[in-house]
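Okay, input.txt now, which holds compact mmCIF, C-alpha atoms (C1' of nucleotides):
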# COMPACT_ATOMS: atom_id res chain seq x y z
CA MET O 1 0.00 0.00 0.00
CA ASN O 2 1.26 3.38 -1.12
CA PRO O 3 1.13 6.56 1.02
CA HIS O 4 -0.22 8.37 -2.02
CA ASP O 5 -3.42 6.30 -1.73
CA LEU O 6 -4.34 8.44 1.28
CA MET O 7 -4.76 11.33 -1.12
CA GLN O 8 -7.82 9.64 -2.61
CA THR O 9 -9.69 9.40 0.68
CA ASN O 10 -12.61 11.71 1.36
CA PRO O 11 -11.11 14.91 2.82
CA LEU O 12 -14.22 15.40 4.97
CA LEU O 13 -13.26 12.33 6.98
CA SER O 14 -9.69 13.39 7.57
CA ASP O 15 -10.76 15.89 10.19
CA ARG O 16 -10.67 14.47 13.70
CA VAL O 17 -13.87 16.22 14.77
CA ARG O 18 -15.88 14.88 11.85
CA LEU O 19 -14.27 11.47 12.22
CA ALA O 20 -15.38 11.44 15.86
CA ILE O 21 -18.90 12.48 14.83
CA MET O 22 -19.07 9.72 12.24
CA ALA O 23 -17.72 7.18 14.72
CA LEU O 24 -20.33 8.16 17.27
CA LEU O 25 -23.15 7.92 14.72
CA THR O 26 -21.82 4.67 13.28
CA GLY O 27 -21.73 3.12 16.72
CA SER O 28 -25.28 4.14 17.61
CA LYS O 29 -28.16 1.82 16.94
CA ASP O 30 -30.62 4.73 17.04
CA GLU O 31 -30.53 8.26 15.77
CA VAL O 32 -28.46 10.72 17.79
CA ASP O 33 -29.66 14.20 18.57
CA PHE O 34 -27.80 17.50 18.45
CA LYS O 35 -27.53 17.85 22.20
CA THR O 36 -26.05 14.42 22.64
CA LEU O 37 -23.36 15.09 20.05
CA LEU O 38 -22.67 18.42 21.73
CA ASP O 39 -22.21 16.82 25.15
CA ARG O 40 -20.32 13.72 24.10
CA LEU O 41 -17.86 15.55 21.85
CA GLU O 42 -17.58 18.82 23.79
CA LEU O 43 -18.01 21.18 20.87
CA THR O 44 -19.65 24.58 20.63
CA LYS O 45 -23.05 24.70 18.98
CA GLY O 46 -21.89 26.76 16.03
CA ASN O 47 -19.00 24.46 15.31
CA LEU O 48 -21.12 21.31 15.54
CA SER O 49 -23.80 22.88 13.40
CA SER O 50 -21.41 23.62 10.55
CA HIS O 51 -19.77 20.20 10.69
CA MET O 52 -23.17 18.53 10.53
CA ARG O 53 -24.15 20.70 7.60
CA LYS O 54 -21.09 19.54 5.66
CA LEU O 55 -21.67 15.90 6.46
CA GLU O 56 -25.27 16.29 5.39
CA GLU O 57 -24.41 18.06 2.15
CA ALA O 58 -21.91 15.32 1.35
CA GLY O 59 -24.62 12.71 1.94
CA LEU O 60 -22.71 11.01 4.75
CA VAL O 61 -25.43 11.53 7.32
CA ASP O 62 -29.20 11.68 7.25
CA VAL O 63 -30.96 14.43 9.15
CA HIS O 64 -34.38 14.39 10.70
CA LYS O 65 -35.95 17.56 12.05
CA SER O 66 -39.05 17.46 14.17
CA PHE O 67 -40.74 18.94 17.22
CA VAL O 68 -40.95 17.14 20.53
CA ASP O 69 -42.81 18.79 23.37
CA ARG O 70 -43.13 21.84 21.15
CA LYS O 71 -39.32 22.14 20.97
CA PRO O 72 -37.23 21.61 17.83
CA LEU O 73 -35.34 18.33 17.79
CA THR O 74 -32.73 17.47 15.19
CA THR O 75 -31.50 13.90 14.98
CA TYR O 76 -28.81 12.39 12.83
CA SER O 77 -27.85 8.95 11.57
CA VAL O 78 -25.13 7.63 9.26
CA SER O 79 -26.30 7.08 5.71
CA ALA O 80 -25.42 3.96 3.73
CA LYS O 81 -22.88 6.07 1.87
CA GLY O 82 -21.46 7.30 5.17
CA ARG O 83 -21.04 3.76 6.44
CA GLU O 84 -19.31 2.78 3.24
CA GLU O 85 -16.96 5.74 3.27
CA ILE O 86 -15.99 5.31 6.90
CA ARG O 87 -15.21 1.65 6.29
CA ASN O 88 -13.16 2.60 3.26
CA TYR O 89 -11.32 5.35 5.12
CA LEU O 90 -10.30 3.06 7.96
CA ALA O 91 -9.21 0.36 5.53
CA LYS O 92 -6.93 2.76 3.68
CA VAL O 93 -5.43 4.38 6.76
CA GLU O 94 -4.76 0.96 8.28
CA ALA O 95 -3.29 -0.44 5.11
CA VAL O 96 -0.98 2.49 4.49
CA LEU O 97 0.20 3.02 8.06
CA GLN O 98 0.60 -0.63 8.96
CA SER O 99 2.49 -1.18 5.77
CA ALA O 100 4.71 1.80 6.62
CA MET O 101 5.29 0.60 10.16
CA GLY O 102 6.16 -2.88 8.94
CA ARG O 103 2.90 -4.56 9.89
CA MET C 1 -13.26 3.17 23.04
CA ASN C 2 -14.97 6.53 22.93
CA PRO C 3 -15.26 8.73 19.83
CA HIS C 4 -14.26 11.68 22.00
CA ASP C 5 -10.80 10.12 22.37
CA LEU C 6 -10.12 11.17 18.79
CA MET C 7 -10.18 14.75 20.01
CA GLN C 8 -6.95 14.14 21.91
CA THR C 9 -4.98 13.05 18.86
CA ASN C 10 -2.40 15.37 17.35
CA PRO C 11 -4.30 17.63 14.92
CA LEU C 12 -1.26 17.78 12.65
CA LEU C 13 -1.74 14.10 11.84
CA SER C 14 -5.41 14.43 11.03
CA ASP C 15 -4.61 15.93 7.65
CA ARG C 16 -4.40 13.38 4.88
CA VAL C 17 -1.46 15.06 3.18
CA ARG C 18 0.65 15.12 6.33
CA LEU C 19 -0.46 11.60 7.22
CA ALA C 20 0.75 10.47 3.80
CA ILE C 21 4.05 12.29 4.31
CA MET C 22 4.54 10.65 7.70
CA ALA C 23 3.63 7.24 6.28
CA LEU C 24 6.16 7.64 3.51
CA LEU C 25 8.90 8.72 5.89
CA THR C 26 8.02 6.01 8.41
CA GLY C 27 8.23 3.36 5.72
CA SER C 28 11.61 4.50 4.44
CA LYS C 29 14.81 2.99 5.77
CA ASP C 30 16.81 6.00 4.63
CA GLU C 31 16.18 9.70 4.61
CA VAL C 32 13.85 10.99 1.92
CA ASP C 33 14.56 14.11 -0.08
CA PHE C 34 12.24 16.95 -1.04
CA LYS C 35 12.03 15.94 -4.69
CA THR C 36 11.06 12.38 -3.86
CA LEU C 37 8.22 13.53 -1.59
CA LEU C 38 7.12 15.92 -4.31
CA ASP C 39 6.98 13.20 -6.95
CA ARG C 40 5.53 10.40 -4.85
CA LEU C 41 2.77 12.52 -3.32
CA GLU C 42 2.07 14.84 -6.26
CA LEU C 43 2.09 18.11 -4.36
CA THR C 44 3.22 21.57 -5.36
CA LYS C 45 6.53 22.73 -3.94
CA GLY C 46 5.01 25.50 -1.86
CA ASN C 47 2.46 23.21 -0.33
CA LEU C 48 5.01 20.53 0.51
CA SER C 49 7.39 23.13 1.90
CA SER C 50 4.85 24.46 4.37
CA HIS C 51 3.70 21.01 5.47
CA MET C 52 7.30 20.00 6.13
CA ARG C 53 7.88 23.17 8.08
CA LYS C 54 4.97 22.34 10.38
CA LEU C 55 6.08 18.77 10.89
CA GLU C 56 9.57 20.01 11.65
CA GLU C 57 8.37 22.66 14.11
CA ALA C 58 6.26 20.04 15.87
CA GLY C 59 9.33 17.82 16.16
CA LEU C 60 7.76 15.00 14.16
CA VAL C 61 10.46 14.95 11.51
CA ASP C 62 14.16 15.66 11.43
CA VAL C 63 15.57 17.79 8.64
CA HIS C 64 19.00 17.70 7.14
CA LYS C 65 20.14 20.39 4.73
CA SER C 66 23.29 19.97 2.70
CA PHE C 67 24.81 20.51 -0.74
CA VAL C 68 25.35 17.74 -3.22
CA ASP C 69 27.02 18.54 -6.52
CA ARG C 70 26.88 22.19 -5.53
CA LYS C 71 23.06 22.00 -5.31
CA PRO C 72 20.99 22.30 -2.12
CA LEU C 73 19.57 19.02 -0.90
CA THR C 74 17.04 18.75 1.89
CA THR C 75 16.33 15.34 3.36
CA TYR C 76 13.82 14.31 5.98
CA SER C 77 13.33 11.43 8.37
CA VAL C 78 10.78 10.62 11.07
CA SER C 79 11.90 11.52 14.54
CA ALA C 80 11.42 9.19 17.50
CA LYS C 81 8.57 11.44 18.58
CA GLY C 82 7.07 11.22 15.09
CA ARG C 83 7.19 7.44 15.14
CA GLU C 84 5.55 7.40 18.53
CA GLU C 85 2.78 9.80 17.53
CA ILE C 86 1.99 7.99 14.30
CA ARG C 87 1.72 4.71 16.17
CA ASN C 88 -0.52 6.35 18.72
CA TYR C 89 -2.67 7.99 16.07
CA LEU C 90 -3.28 4.73 14.23
CA ALA C 91 -4.04 2.91 17.47
CA LYS C 92 -6.69 5.45 18.44
CA VAL C 93 -8.33 5.66 15.03
CA GLU C 94 -8.45 1.87 14.81
CA ALA C 95 -9.78 1.46 18.32
CA VAL C 96 -12.51 4.06 17.93
CA LEU C 97 -13.65 3.14 14.43
CA GLN C 98 -13.51 -0.61 14.86
CA SER C 99 -15.39 -0.29 18.10
CA ALA C 100 -17.98 1.87 16.32
CA MET C 101 -18.30 -0.57 13.44
CA GLY C 102 -18.69 -3.50 15.79
CA ARG C 103 -15.20 -4.95 15.22
C1' DT V 1 26.04 36.07 -21.15
C1' DA V 2 21.62 35.17 -21.50
C1' DA V 3 18.06 31.60 -21.13
C1' DA V 4 16.54 27.72 -18.74
C1' DC V 5 16.81 24.48 -14.96
C1' DT V 6 17.09 22.90 -9.91
C1' DA V 7 15.81 23.15 -5.28
C1' DG V 8 13.52 25.05 -2.57
C1' DT V 9 11.06 29.56 0.33
C1' DT V 10 7.98 33.45 0.75
C1' DT V 11 3.78 35.61 -0.04
C1' DG V 12 -0.90 36.14 -1.36
C1' DT V 13 -5.48 33.96 -1.52
C1' DA V 14 -9.19 30.76 -1.02
C1' DA V 15 -11.16 27.51 1.95
C1' DT V 16 -11.92 25.84 6.63
C1' DA V 17 -12.75 25.53 11.58
C1' DC V 18 -14.42 27.75 15.13
C1' DA V 19 -16.92 30.76 18.59
C1' DA V 20 -19.78 34.71 19.44
C1' DA V 21 -23.82 36.70 18.49
C1' DC V 22 -28.20 36.01 17.07
C1' DC V 23 -33.11 34.03 16.46
C1' DA V 24 -37.54 31.64 17.42
C1' DG V 25 -40.21 29.69 20.44
C1' DA V 26 -41.09 27.66 25.32
C1' DT V 27 -40.81 28.02 30.25
C1' DT V 28 -40.45 30.41 34.63
C1' DA V 29 -40.61 34.42 37.76
C1' DG V 30 -42.49 38.72 39.36
C1' DC T 1 -49.66 39.76 31.72
C1' DT T 2 -44.88 40.55 30.34
C1' DA T 3 -40.20 40.39 31.24
C1' DA T 4 -36.27 37.52 31.98
C1' DT T 5 -34.40 32.94 31.17
C1' DC T 6 -33.85 28.59 28.92
C1' DT T 7 -33.65 25.40 24.82
C1' DG T 8 -32.27 24.17 20.43
C1' DG T 9 -30.32 25.38 17.16
C1' DT T 10 -28.42 28.85 12.71
C1' DT T 11 -25.92 32.78 10.88
C1' DT T 12 -22.12 35.68 10.73
C1' DG T 13 -17.58 37.26 11.65
C1' DT T 14 -12.74 35.99 12.44
C1' DA T 15 -8.56 33.39 12.90
C1' DT T 16 -6.23 29.51 11.10
C1' DT T 17 -5.04 26.57 7.47
C1' DA T 18 -3.99 24.58 2.93
C1' DC T 19 -2.55 25.67 -1.19
C1' DA T 20 -0.46 27.62 -5.58
C1' DA T 21 1.89 31.41 -7.78
C1' DA T 22 5.57 34.14 -7.69
C1' DC T 23 10.04 34.76 -6.12
C1' DT T 24 15.11 33.70 -4.72
C1' DA T 25 19.68 31.82 -5.14
C1' DG T 26 22.61 29.39 -7.41
C1' DT T 27 23.78 25.97 -11.60
C1' DT T 28 23.92 24.17 -16.12
C1' DT T 29 23.17 24.70 -21.06
C1' DA T 30 22.95 27.30 -25.37

Whole structure, C-alpha cells version:
Amino acid sequence: MNPHDLMQTNPLLSDRVRLAIMALLTGSKDEVDFKTLLDRLELTKGNLSSHMRKLEEAGLVDVHKSFVDRKPLTTYSVSAKGREEIRNYLAKVEAVLQSAMGR
Amino acid sequence: MNPHDLMQTNPLLSDRVRLAIMALLTGSKDEVDFKTLLDRLELTKGNLSSHMRKLEEAGLVDVHKSFVDRKPLTTYSVSAKGREEIRNYLAKVEAVLQSAMGR
DNA sequence: TAAACTAGTTTGTAATACAAACCAGATTAG
DNA sequence: CTAATCTGGTTTGTATTACAAACTAGTTTA
C-alpha cells in the first residue's frame, strides 16, 4: 500500500472532529440528537452545526428535524454512503500506516 | 473506546497530506529528499514546503540540509517522537472506528 | 552572457474551523 | 400579563489553514 493512496480518501473524513462524529453515529443503533453530540464531543453549537451541515451536504449523514414537546429536535444517523466511506477510510489508513510501520 | 478520544490526537496528523508524508517517511529505511516527496505525493513545492515546516516545528520529523554537486539538498526522516505519535494515532483511530463498526 | 533548470522559500489567496452573536419559540418568575 | 431565562439550534464574523503562484539563489546549457 502506497502513502499516495491516502490522497484519494474523502477529505471530509480526515478531520478528527468529523471522524469522531461519524464514529459516534456509526456506533449508535438509534438516531443521535444534536444535544447528545454536543455533550459527548464537547463542541460549541456553532462548530457542531457547521460540521453537521457539511456531512449532510456530502450525503454522509441523514438528518431528521421534528418537534418534541413543542421544541425543535434534530437527529442524525449515518447514511449507507457514510457507512461505506468510513469503512473505506479506515481500511486505507490501516493499510498504508501498517504497511509503513512494517505490519 | 470513545469517539471523543479522537479529540486528543495530534491535529497535525489528522490531515491526509501530512499523514501520507509521515507514512512515507516512516516506511523508508533512509532519509527521503524533497524531490522524492514531491513526486511520490504529487504536491506543489510551496504546499510541501509548508507542510514540512509544520512537521519540523512540531518535532515529528528531522531535517537535514546539505549541498550535493553544488546543489541544495534537503532530506527528511521521522523523529522518534514522530514514530511514537503515528503509532498512537493509528491505534486510536483503529480502536474508535472498529469499536464503532462493531469490530 | 543570457536563457533555462534545480531546489527550494515566501507571499498572497481561497477555503476551513471555530466561537460569538443572534433568532424563534417555550418556560419560569415577578 | 410581560419580562427575563432557557432550549435548540443557525448565521455571521474571524482566525487559522492549505494551497499555488511568484520569487530567490545558485547551476547548467545554449

What lies within 12 Å of Thr36 (chain O) using all atoms listed in the file, ignoring chain neighbours under 4 positions off, as an mmCIF file with C-alpha atoms (C1' of nucleotides), in the coordinates of the input?
data_model
loop_
_atom_site.group_PDB
_atom_site.id
_atom_site.type_symbol
_atom_site.label_atom_id
_atom_site.label_comp_id
_atom_site.auth_asym_id
_atom_site.auth_seq_id
_atom_site.Cartn_x
_atom_site.Cartn_y
_atom_site.Cartn_z
ATOM 1 C CA ILE O 21 -18.900 12.480 14.830
ATOM 2 C CA LEU O 24 -20.330 8.160 17.270
ATOM 3 C CA LEU O 25 -23.150 7.920 14.720
ATOM 4 C CA SER O 28 -25.280 4.140 17.610
ATOM 5 C CA GLU O 31 -30.530 8.260 15.770
ATOM 6 C CA VAL O 32 -28.460 10.720 17.790
ATOM 7 C CA ARG O 40 -20.320 13.720 24.100
ATOM 8 C CA LEU O 41 -17.860 15.550 21.850
ATOM 9 C CA GLU O 42 -17.580 18.820 23.790
ATOM 10 C CA LEU O 43 -18.010 21.180 20.870
ATOM 11 C CA LYS O 45 -23.050 24.700 18.980
ATOM 12 C CA LEU O 48 -21.120 21.310 15.540
ATOM 13 C CA LEU O 73 -35.340 18.330 17.790
ATOM 14 C CA THR O 74 -32.730 17.470 15.190
ATOM 15 C CA THR O 75 -31.500 13.900 14.980
ATOM 16 C CA TYR O 76 -28.810 12.390 12.830
ATOM 17 C "C1'" DG T 8 -32.270 24.170 20.430
#

*Please determine the contact residues of chain V with respect to chain C at a cut-off of 9 Å, counting all atoms listed in the file, and supply them as a list in words.*
DT6, DA7, DG8, DT9 and DT10 of chain V

*Within 12 Å of chain C, which residues of chain O are there when counting all atoms listed in the file? Please give them as a PyMOL selection string.*
chain O and resi 1-29+37-43+78+82-103

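Atom to atom, C1' of DT11 (chain V) and CA of His51 (chain C) stand 15.6 Å apart.
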
*Interatomic distance, C1' of DA20 (chain T) to C1' of DA15 (chain V) (Å, one decimal)*: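 Spanning C1' of DA20 (chain T) to C1' of DA15 (chain V) is a straight-line distance of 13.1 Å.
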
*Counting only C-alpha atoms (C1' of nucleotides), figure out which residue out of O:Ser79, O:Asp30, O:Asn47, O:Gly59 gets nearest to chain T.*
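Using only C-alpha atoms (C1' of nucleotides), chain T sits closest to O:Asn47.
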
Could you build a table of the residues in chain T lying no more than 12 Å from chain C, giving for each the nearest pair of atoms and their separation in Å rounded to one decimal place, using all atoms listed in the file, ordered by chain and ascending residue number, as a Markdown table?
| residue | atom | partner | partner_atom | distance |
| --- | --- | --- | --- | --- |
| T:DT17 | C1' | C:His51 | CA | 10.5 |
| T:DA18 | C1' | C:Asn47 | CA | 7.4 |
| T:DC19 | C1' | C:Asn47 | CA | 5.6 |
| T:DA20 | C1' | C:Gly46 | CA | 6.9 |
| T:DA21 | C1' | C:Gly46 | CA | 8.9 |
| T:DA22 | C1' | C:Gly46 | CA | 10.4 |
| T:DC23 | C1' | C:Gly46 | CA | 11.4 |
| T:DA25 | C1' | C:Pro72 | CA | 10.1 |
| T:DG26 | C1' | C:Lys71 | CA | 7.7 |
| T:DT27 | C1' | C:Lys71 | CA | 7.5 |
| T:DT28 | C1' | C:Lys71 | CA | 11.1 |
